[in-house]
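J.: Take this structure, written in structure tokens, and hold onto it; I'll ask about it next.
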Amino acid sequence: MDSFSRRTFGGLLLGAAAAPAGAQTAGWPDKPVKLVVGFTAGSATDVTARMFAQRFGEAWGQPVIVENVAGNSGAIGTDKVAKAAPDGYTLMWSGNASITILPSLQKLPFDPVNDFEHISTALVMPSIVFVNNDLPVKTLAELIAHAKANPGKLSYGSPGVGTPQHVAGALLCRLADIKMEHIPYRGANLTDTMSGTVPVGIQNAGAAMPFVRDGRVRGLAVTALQRSPNSANLPTVAEQGFPGFEATSWFALLAPKGTSKAIVDKVRAASMEVLADQEMVKKFAVMGLDPVGSTGEETRAAIVRDIPKWAKVIEEAGIKAGP
């Protein structure tokens, strides 16, 4: 999402100040608001949703209740929001895999582009490409050369089939013309890379960077288009010979189609206040998250752009939906 990563946070604050608070939202909310998460409690999606929900509740004077509707890689919760009344009392905190990758793995009962009001992409988290310390590579170029010299002998781990990390690996393999077997886990797993069982890993920065900083694994690259302030010493994949390479995880606020612009604007304005709070920014940094605060139009455009991007990768790599 180049438009996201190129933004400066100072510019985002101007957008927040311009968001209308208008008379139309004066009575909203006058009862609790549900913020639906398509994953279980304790997941990164859930944890970040609760951080925003608490602050929204404080700002609006009404409880904002996180409702976990887990199942089918987030699709069940997303569908529930798509079919909810467009009155502002049901909102969605969505990870990008559910709305940009999943459509290419199965037929969904909702349209990620046309069934929602896209409020804002709030946070983005790059992934880290890392290797076992005994693998004789110190750069991405050396990893690619090693893979070509040892065809069929390397594997890489990810948090699961159809995750941003899985498709990031598939995209890298395609662009570099190498083959690495994908080993899916249920969530972050770095111990097998530490032991050398799975010599290469691609995990989100929040999980991987503590291991990289401690020297337990060797970090090679970050999958954002530009270097992340939370992992500034790591070069991007893009700057190591693959211009335009980008494969991140991000979290966006959505509402059912037809929700009024006044409510959408009020929700985005509240999210921008959260992103402007330096204490919250510090908490996000610990988790490997970078503030974004895109407009709804930018979020929609990114979804439109990313669905065919990942569809091509999924088709060419022969990726099938997991169990």
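Residues are referred to by chain and number: the chain letter is A, B, ... according to the order shown in the structure tokens, the number counts from 1 in that chain, and ligands are numbered separately from 1 in the order shown.
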What's around A:Pro151 at 10 Å? Count only C-alpha atoms, leave out sequence neighbours fewer than 4 positions away in its own chain, and write the answer as a list in words.
T.: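 Final neighbour list, sorted by chain and number: His146, Ala147, Ile178, Lys179 and Met180 of chain A.
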J.: If you count only C-alpha atoms, which residues fall within 9 Å of stretch 212-222 of chain A, apart from same-chain ones fewer than 3 positions away, as a ChimeraX atom specification?
T.: /A:126-133,137-140,143,190,193-194,205,208-209,225-228,231,234-238,240
J.: Using backbone DSSP assignments, extract all helix (DSSP H, G or I) residues from stretch 89-304 of chain A; output them as a ChimeraX atom specification.
T.: /A:96-104,140-149,164-176,191-195,205-213,229-231,238-240,261-276,278-286,296-304
J.: Neighbours of stretch 40-50 of chain A within 9 Å (only C-alpha atoms; same-chain residues fewer than 6 positions away dropped), as a ChimeraX atom specification?
T.: /A:64-66,68-71,93-95,123,187,251,284,287
J.: Which is closest to A:Lys312 among A:Asn72, A:Ser104, A:Ser98, A:Asn204, if we use only C-alpha atoms?
T.: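 Nearest candidate to A:Lys312 out of A:Asn72, A:Ser104, A:Ser98, A:Asn204: A:Ser104.
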J.: For stretch 316-321 of chain A, please output as a PyMOL selection string all residues within 12 Å (counting only C-alpha atoms; exclusion window: fewer than 3 positions along the same chain).
T.: chain A and resi 72-73+101-107+160-163+166-175+177-182+184+309-313
